[in-house]
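> Mind having a look at this structure? Questions to follow.
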Amino acid sequence: MYNKIASLGICLLLTSASFAQKRPLDHSVYDNWKSITGTSISKSGQFISYSVTPQEGDALFELKSPTNQILLRIARAASAQLTKNEGFLVAAIKPTFEETRQAKIKKKKADDMPKDSLLIVNLESKEEWKFPQVKSFKLAQNKNDYIAFLTDLKEEKKSSTTVTDSSSTTKPNASKGKSVSVLCLKNLATGDTLNFWKADQYAWSPNEDFLLFSKKNEAKDSTATDAGLYIYDIANKSLKKISNGKGTYKELSFDDQGTQLAFLADKSPEKALLKDFKLYYYTPQLDSARIIASQQSNGVPQNWYVSGDGSLNFSADGQKLFFGLAPVPRVKDTTLVEFEHAQLDIWHWQDDYLQPQQLVNLKRDLSRSYPAVIYPKNGNRLLALTDETFSRTSFTDEANNEWALTTSDFGKRIQGQWEGGTRSDVYIVSTQSGQKRIIKKDLNGYAYLSPLGDYVLYFDREQGNWYSHQIKNDQVALLNDGVPVSFVDEENDSPTLPGAYGIAGWSQDNRSVFIYDRYDIWKFDLTGKDKQLVTNGEGRATKTTFRYINLARTDDPRQRTTRIPDKKAMYLSAFSEETKQNAIFETPAAKSKRPNEVVGLTNFSFRAFSASEDEQTVIYTKENYNESPNLYVSKLFKDEHKLSDANPQQQTYNWGTAELVKWTTPSGKPAEGILYKPENFDPNKKYPIIAYFYETLTSGLYTYQAPAPTPSRLNIPYYVSNEYLVFAPDIRYEIGHPGKSAEEYINSGMRHLAKNSWVDSTKMAIQGQSWGGYQVAHLITRTNMYAAAWTGAPVVNMTSAYGGIRWQSGMSRQFQYEHTQSRIGKTLWEDQALYLENSPLFHLDKVTTPVVIMHNDNDGAVPWYQGIEMFTALRRLQKPVWMLNYNGDEHNLIKRQNRKDIQMRQAQFFDHFLKGKPATKWISSGVPAIEKGIDWGLQ
């Protein structure tokens with residue numbers, strides 16, 4: 001008995017010691033904390049690859065077998081690809097982080113920065129080839145006997161030789177000459193290499209029959225004659241120049257069969273203000289490429305031209321070639337003296353878009369093109385399909401069918417200022433005649449073209465319904481007619497029409513569509529005559545959300561549409577609304593039967609699914625709050641094996657736990673949130689607690705949170721590791737009263753937790769960013785229960801913010817208050833009282849809580865003068881307030897050095913007010929401008 005007691009005592013001592021040995025996270029750990037990125041599985045399922053990527057530093061690429069055998073481990077490898085036969089691995093090798101850092105310190109120009117290298121590995125023999133200074137590489141779509149890559153080589157002297165065989169030619173002397181762009185063609189079987197000097201753009205034909213590339217000469221070299229476009233015949237080893245002359249060659253495009261190609265070229269003088277692109281076409285039967293579309297072509301509207309910014313795409317059958325047209329832009333008068341003329345923006349009340357929005361989108365608008373089609377095998381018949389009154393156009397994957405889908409918001413754009421989005425008229429346009437037919441006017445919703453292009457599927461937000469429109473006979477069917485469930489967001493608490501839950505995919509026969517409701521998946525025949533509840537109502541019955549896991553490979557670039565096989569089982573992710581747990585289910589091949597559980601409800605989240613071609617070997621990442629995302633492999637989710645271990649060092653740190661907390665608000669509403677506790681939590685101690693919130697966060701109960709310098713959010717793992725409690729409550733909103741809603745849920749949740757003896761109710765704090773920042777600002781005007789507060793980019797004056805601009809998009813902020821997140825639901829003139837009630841500025845005299853404001857002068861979402869209004873008001877009222885403006889940074893901090901800085905300051909602030917630690921200089925006395933960049937006040 002004594003021995004048992006002694007053993008138990010020793011175990012307890014060891015357990016206590018193990019906790020004691022675990023150190024708290026500090027700010028030095030961020031850079032080396034890693035994530036799993038670039039996960040991939042080969043077609044055969046025999047090769048699995050991923051990168052272990054630190055937050056700052058050099059990534060490590062690993063190639064493994066499904067049994068976790070390491071086949072390759074390559075430092076800094078990126079964009080890795082296996083050849084079609086899986087015999088070779090090709091990857092770019094990035095410069096070291098330190099090399100790049102030193103180059104930035106020395107302020108080297110872009111051309112002088114460290115460049116990538118290329119690595120080619122024979123996976124059978126393990127033979128390696130390495131090439132320095134590589135700009136890009138390309139493998140053909142369907143065959144990979146060769147690889148093409150663009151590099152820089154030293155040229156000894158000018159040479160007229162176009163093609164050199166590196167196996168029979170001495171290498172240029174690197175100590176002489178200058179760097180020249182060279183396209184290298186390497187035979188992966190033999191190792192032979194051909195070099196094409198002065199190459200620029202390049203492209204493969206799909207079956208690797210031809211390599212197409214352009215050559216350019218230096219502007220100063222007026223005697224060179226080799227500029228132009230070339231095609232190299234792989235089988236015959238012959239090179240042919242198919243377009244002559246200096247210029248810009250773009251969009252080098254083959255059809256699917258590799259029997260015809262097209263490209264855009266501008267051969268106007270280099271200093272020409274207007275680039276006059278033309279569409280060229282070539283087949284092996286032609287001596288050279290010929291122009292098939294230009295500004296003068298029949299079918300091109302007057303004062304329009306071929307856009308150099310449009311994309312080129314052949315239809316799958318090769319009959320149609322799609323390209324872009326655009327109005328000829330006006331060019332600037334270069335004879336005018338810049339400083340003698342006014343620089344101004346003119347805002348007009350009838351402009352489609354506000355002037356700031358126009359300026360933000362200026363580059364995009366200058367490069368905007370509108371789709372056109374030409375029939376190169378049918379006399380080059382050309383049709384312009386849309387014009388400036390249309391906004392979006394979509395085609396089927398193959399584009400062999402007659403009809404395309406296009407929408408127009410023309411005449412409706414101004415109201416986007418206060419509605420946020422705009423209604424659209426939905427049309428179809430014939431690629432044979434250019435004829436347009438209206439499908440639906442004034443649609444508030446979304447429209448899709450069916451995979452065969454014979455139906456238009458659309459969702460109408462006003463009706464909350466899904467419809468199909470048969471193009472052939474103009475028949476409209478209400479797909480969810482008689483279905484007793486809603487297909488719109490049942491939890492919508494914004495003053496706007498709720499959106500749909502979305503589409504899972506289309507049936508393999510293209511005759512049906514799979515659509516989500518809140519919990520289940522439905523299959524609707526596009527005729528409207530048949531419907532199936534694929535998941536048999538199990539989702540709604542158990543409050544479990546089922547969503548389709550697409551395991552089908554999409555190696556074909558044409559296959560953008562998700563197709564769901566009719567006679568195969570479907571794999572589904574499952575999320576329990578009650579417990580927040582996740583699972584994997586399988587529907588039987590015969591749908592409308594109860595889904596079978598494959599992986600039961602578990603305290604993990606699953607992501608990044610991918611499968612071999614036969615869909616038998618599956619990889620995915622798995623995570624929860626305690627375990628960082630790692631890669632796993634299984635046979636259809638059975639016999640799971642772990643492949644990676646991204647952060648073993650986590651075991652040496654005091655981590656934490658995450659648990660679901662439920663309570664009832666003062667008005668009787670059910671509420672829930674996540675409570676994070678330290679791993680060494682002691683119920684006999686009292687802990688300070690910080691509430692972090694936005695809207696709803698509990699769906700992330702089983703999500704990993706890496707210790708990382710955040711854009712201004714609370715770094716939850718850091719605080720939990722340093723013996724804080726962190727609480728993340730969900731908030732449900734009453735329209736018109738977002739501030740009161742925040743009080744209802746956040747304050748009651750904190751009071752609920754404060755009933756526990758291990759919560760120090762005198763040391764409670766709140767932190768939020770953006771919308772969360774607004775709620776922080778509101779809460780401290782309504783209660784003195786918080787010992788400290790931190791608000792990032794808050795709106796404090798809804799009357800001035802209502803008329804403000806979101807500078808990143810150029811949009812007015814009015815829509816946000818009337819229809820979306822701010823949830824007022826009325827205009828400023830309809831109910832001024834609501835705007836005043838929800839504006840913390842008018843209640844700041846009641847604040848007793850010390851508060852830090854972060855608001856940056858390049859904030860593109862919330863004008864930073866909102867932070868200034870809050871700071872100057874509290875300063876005038878002599879309340880303890882600090883403001884951080886990270887110069888030139890954005891709404892959410894982008895620059896990593898700023899993210900690191902704010903983590904330190906935030907921790908110092910909360911440590912001072914919640915743990916009684918001494919105030920650092922920036923808190924106690926600030927940092928005057930004369931010491932900016934000299935003293936950061938962190939000591």
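Every chain in the structure tokens takes a letter, A first, then B, and so on in the order presented; its residues are numbered from 1, and the ligands are numbered from 1 following the presented order.
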With 12 Å as the cut-off and only C-alpha atoms counted, what is the closest atom pair between each nearby residue of range 10-66 of chain A and range 888-903 of chain A? Distances in Å to one decimal, ordered by chain and number, as JSON lines.

{"residue": "A:Asp26", "atom": "CA", "partner": "A:Gln903", "partner_atom": "CA", "distance": 10.0}
{"residue": "A:His27", "atom": "CA", "partner": "A:Gln903", "partner_atom": "CA", "distance": 7.5}
{"residue": "A:Ser28", "atom": "CA", "partner": "A:Lys900", "partner_atom": "CA", "distance": 9.4}
{"residue": "A:Val29", "atom": "CA", "partner": "A:Lys900", "partner_atom": "CA", "distance": 10.9}
{"residue": "A:Tyr30", "atom": "CA", "partner": "A:Lys900", "partner_atom": "CA", "distance": 8.7}
{"residue": "A:Asp31", "atom": "CA", "partner": "A:Lys900", "partner_atom": "CA", "distance": 10.0}
{"residue": "A:Gln55", "atom": "CA", "partner": "A:Arg896", "partner_atom": "CA", "distance": 9.9}
{"residue": "A:Glu56", "atom": "CA", "partner": "A:Arg896", "partner_atom": "CA", "distance": 9.4}
> Restricted to N, CA and C atoms, what would the selected residues look like written as a PDB file, in the first residue's frame?

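That gives us again24.pdb:
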ATOM      1  N   ASP A  26       6.564  33.469 -25.857  1.00  0.00           N
ATOM      2  CA  ASP A  26       7.006  34.863 -25.888  1.00  0.00           C
ATOM      3  C   ASP A  26       7.036  35.323 -27.343  1.00  0.00           C
ATOM      4  N   HIS A  27       7.389  36.581 -27.560  1.00  0.00           N
ATOM      5  CA  HIS A  27       7.293  37.158 -28.908  1.00  0.00           C
ATOM      6  C   HIS A  27       8.395  36.681 -29.844  1.00  0.00           C
ATOM      7  N   SER A  28       9.335  35.897 -29.337  1.00  0.00           N
ATOM      8  CA  SER A  28      10.416  35.407 -30.192  1.00  0.00           C
ATOM      9  C   SER A  28      10.033  34.148 -30.958  1.00  0.00           C
ATOM     10  N   VAL A  29       8.877  33.541 -30.629  1.00  0.00           N
ATOM     11  CA  VAL A  29       8.564  32.233 -31.208  1.00  0.00           C
ATOM     12  C   VAL A  29       7.907  32.331 -32.583  1.00  0.00           C
ATOM     13  N   TYR A  30       7.416  33.510 -32.964  1.00  0.00           N
ATOM     14  CA  TYR A  30       6.546  33.602 -34.137  1.00  0.00           C
ATOM     15  C   TYR A  30       7.203  33.108 -35.422  1.00  0.00           C
ATOM     16  N   ASP A  31       8.395  33.611 -35.710  1.00  0.00           N
ATOM     17  CA  ASP A  31       9.005  33.352 -37.023  1.00  0.00           C
ATOM     18  C   ASP A  31       9.145  31.873 -37.318  1.00  0.00           C
ATOM     19  N   GLN A  55       6.730  30.983 -40.527  1.00  0.00           N
ATOM     20  CA  GLN A  55       6.138  32.292 -40.773  1.00  0.00           C
ATOM     21  C   GLN A  55       7.142  33.239 -41.419  1.00  0.00           C
ATOM     22  N   GLU A  56       8.387  33.100 -41.054  1.00  0.00           N
ATOM     23  CA  GLU A  56       9.446  33.895 -41.670  1.00  0.00           C
ATOM     24  C   GLU A  56      10.691  33.033 -41.731  1.00  0.00           C
TER      25      GLU A  56
END
> So which bits of range 397-465 of chain A end up helix (DSSP H, G or I) when you DSSP the backbone, as number ranges by chain?
A: 416-419
> Convert the current residue selection to file output with C-alpha atoms, as an mmCIF file, in the first residue's frame.

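Wrote it out as again33.cif, contents follow:
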data_model
loop_
_atom_site.group_PDB
_atom_site.id
_atom_site.type_symbol
_atom_site.label_atom_id
_atom_site.label_comp_id
_atom_site.auth_asym_id
_atom_site.auth_seq_id
_atom_site.Cartn_x
_atom_site.Cartn_y
_atom_site.Cartn_z
ATOM 1 C CA GLY A 416 -25.014 50.753 -55.364
ATOM 2 C CA GLN A 417 -23.831 53.723 -53.255
ATOM 3 C CA TRP A 418 -26.407 52.871 -50.618
ATOM 4 C CA GLU A 419 -27.355 49.288 -51.500
#
> From the options A:Ser243, A:Gly310, A:Gly804, A:Gly191, which residue's atoms come nearest to Leu286 in chain A, counting only C-alpha atoms?
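Closest to Leu286 in chain A of all the choices is A:Ser243.
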> Taking only C-alpha atoms into account, name the residue in A:Ser181, A:Phe604, A:Ala227, A:Ala583 that is nearest to Lys622 in chain A.
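Of A:Ser181, A:Phe604, A:Ala227, A:Ala583, the one nearest Lys622 in chain A is A:Phe604, counting only C-alpha atoms.
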> For range 642-655 of chain A, work out the shell of residues within 9 Å, counting only C-alpha atoms and skipping chain neighbours fewer than 5 positions away, then give it as a ChimeraX atom specification.
/A:19-25,32-36,50,52-53,64,66-69,626-634,677-680,717-718,720-723
> Set the distance at 12 Å and use only C-alpha atoms: which residues neighbour Gly445 in chain A once local chain neighbours fewer than 6 positions away are removed? I'd like the list as a tab-separated table (two decimals) with C-alpha atoms, in the first residue's frame.

chain	number	residue	atom	x	y	z
A	407	THR	CA	-25.42	40.42	-66.99
A	421	GLY	CA	-24.57	45.58	-54.58
A	422	THR	CA	-26.72	46.28	-57.59
A	423	ARG	CA	-29.52	44.49	-59.32
A	424	SER	CA	-28.76	43.10	-62.75
A	425	ASP	CA	-30.60	42.17	-65.90
A	426	VAL	CA	-29.63	38.65	-66.91
A	457	LEU	CA	-29.96	28.64	-63.17
A	458	TYR	CA	-30.63	31.63	-60.95
A	459	PHE	CA	-31.33	32.42	-57.33
A	460	ASP	CA	-33.75	35.25	-56.51
A	461	ARG	CA	-33.03	36.76	-53.09
A	462	GLU	CA	-36.38	38.57	-52.99
A	463	GLN	CA	-38.26	35.33	-53.46
A	464	GLY	CA	-35.74	33.15	-51.65
A	465	ASN	CA	-36.06	30.61	-54.46
A	466	TRP	CA	-34.00	28.77	-57.08
A	467	TYR	CA	-35.22	28.84	-60.69
A	488	VAL	CA	-31.66	31.24	-47.70
A	497	LEU	CA	-32.19	40.11	-47.96
A	498	PRO	CA	-30.53	36.84	-46.93
A	499	GLY	CA	-28.30	35.03	-49.38
A	500	ALA	CA	-28.43	31.41	-50.52
A	502	GLY	CA	-25.00	27.86	-52.50
> What's the 8 Å shell around range 922-931 of chain A, counting only C-alpha atoms, without same-chain residues fewer than 6 positions away, as a list in words?
Trp882, Phe909, Gly937 and Leu938 of chain A
> List the spatial neighbours of range 734-746 of chain A as a list in words - criterion: any atom at most 8 Å away, only C-alpha atoms, same-chain residues fewer than 2 positions off excluded.
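Listed by chain and then number, they are Asp493, Ser494, Pro495, Thr665, Pro666, Ser667, Ala671, Ala691, Pro729, Asp730, Ile731, Arg732, Ser748, Gly749, Met750, Gln775, His778, Leu779, Ser822, Arg823, Ile824, Gly825, Lys826, Leu834 and Asn838 of chain A.
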> Quick one: residues within 7 Å of range 142-155 of chain A, only C-alpha atoms counted, chain neighbours fewer than 6 positions away excluded, as a list in words?
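These residues fall inside the cut-off: Thr83, Lys84, Gln133, Val134, Lys135, Ser136, Pro172, Asn173, Ala174, Gly177, Lys178, Ser179, Val180, Ser181, Val182, Leu183, Cys184, Leu185, Lys186, Asn187, Leu188, Ala189, Pro206, Asn207 and Glu208 of chain A.
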> Those selected residues, please, written with N, CA and C atoms and delivered as a short mmCIF file (atom, residue, chain, number, x, y, z; two decimals), in the first residue's frame.

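Dumped everything to selection.cif:
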data_model
loop_
_atom_site.label_atom_id
_atom_site.label_comp_id
_atom_site.auth_asym_id
_atom_site.auth_seq_id
_atom_site.Cartn_x
_atom_site.Cartn_y
_atom_site.Cartn_z
N THR A 83 6.00 15.15 -63.36
CA THR A 83 5.67 14.94 -64.76
C THR A 83 4.52 13.93 -64.85
N LYS A 84 3.90 13.85 -66.03
CA LYS A 84 2.72 13.00 -66.20
C LYS A 84 2.99 11.54 -65.86
N GLN A 133 19.37 31.23 -61.86
CA GLN A 133 18.78 32.42 -62.49
C GLN A 133 17.57 32.10 -63.38
N VAL A 134 16.67 31.25 -62.89
CA VAL A 134 15.52 30.83 -63.69
C VAL A 134 14.31 31.70 -63.35
N LYS A 135 13.71 32.28 -64.39
CA LYS A 135 12.56 33.17 -64.19
C LYS A 135 11.24 32.40 -64.12
N SER A 136 11.12 31.35 -64.94
CA SER A 136 9.89 30.56 -64.97
C SER A 136 10.16 29.23 -65.65
N PRO A 172 29.14 29.97 -72.63
CA PRO A 172 29.64 31.33 -72.75
C PRO A 172 30.49 31.68 -71.54
N ASN A 173 31.45 32.53 -71.75
CA ASN A 173 32.33 32.99 -70.68
C ASN A 173 31.55 33.94 -69.77
N ALA A 174 31.36 33.53 -68.54
CA ALA A 174 30.54 34.33 -67.63
C ALA A 174 31.19 35.64 -67.26
N GLY A 177 30.68 39.89 -71.50
CA GLY A 177 29.35 40.10 -72.04
C GLY A 177 28.34 40.46 -70.98
N LYS A 178 27.08 40.46 -71.42
CA LYS A 178 26.01 40.83 -70.50
C LYS A 178 24.98 39.72 -70.43
N SER A 179 24.07 39.87 -69.49
CA SER A 179 23.07 38.85 -69.27
C SER A 179 21.99 38.91 -70.35
N VAL A 180 21.64 37.76 -70.89
CA VAL A 180 20.65 37.66 -71.96
C VAL A 180 19.59 36.64 -71.54
N SER A 181 18.34 36.95 -71.84
CA SER A 181 17.25 36.03 -71.53
C SER A 181 17.28 34.86 -72.53
N VAL A 182 17.29 33.66 -72.00
CA VAL A 182 17.41 32.47 -72.83
C VAL A 182 16.30 31.48 -72.46
N LEU A 183 15.63 30.94 -73.50
CA LEU A 183 14.65 29.89 -73.30
C LEU A 183 15.35 28.55 -73.49
N CYS A 184 15.34 27.73 -72.46
CA CYS A 184 16.00 26.42 -72.52
C CYS A 184 14.95 25.32 -72.68
N LEU A 185 15.23 24.41 -73.57
CA LEU A 185 14.37 23.26 -73.81
C LEU A 185 15.16 22.01 -73.45
N LYS A 186 14.72 21.30 -72.42
CA LYS A 186 15.48 20.16 -71.93
C LYS A 186 14.70 18.88 -72.14
N ASN A 187 15.37 17.91 -72.75
CA ASN A 187 14.81 16.56 -72.90
C ASN A 187 15.05 15.81 -71.60
N LEU A 188 13.98 15.45 -70.90
CA LEU A 188 14.13 14.83 -69.59
C LEU A 188 14.68 13.41 -69.68
N ALA A 189 14.50 12.75 -70.82
CA ALA A 189 15.01 11.39 -70.96
C ALA A 189 16.50 11.36 -71.25
N PRO A 206 -0.62 21.58 -76.29
CA PRO A 206 -1.06 20.65 -75.23
C PRO A 206 -0.33 19.31 -75.24
N ASN A 207 -0.03 18.76 -76.44
CA ASN A 207 0.60 17.44 -76.52
C ASN A 207 2.11 17.52 -76.70
N GLU A 208 2.66 18.69 -76.47
CA GLU A 208 4.11 18.88 -76.51
C GLU A 208 4.68 18.67 -77.92
#
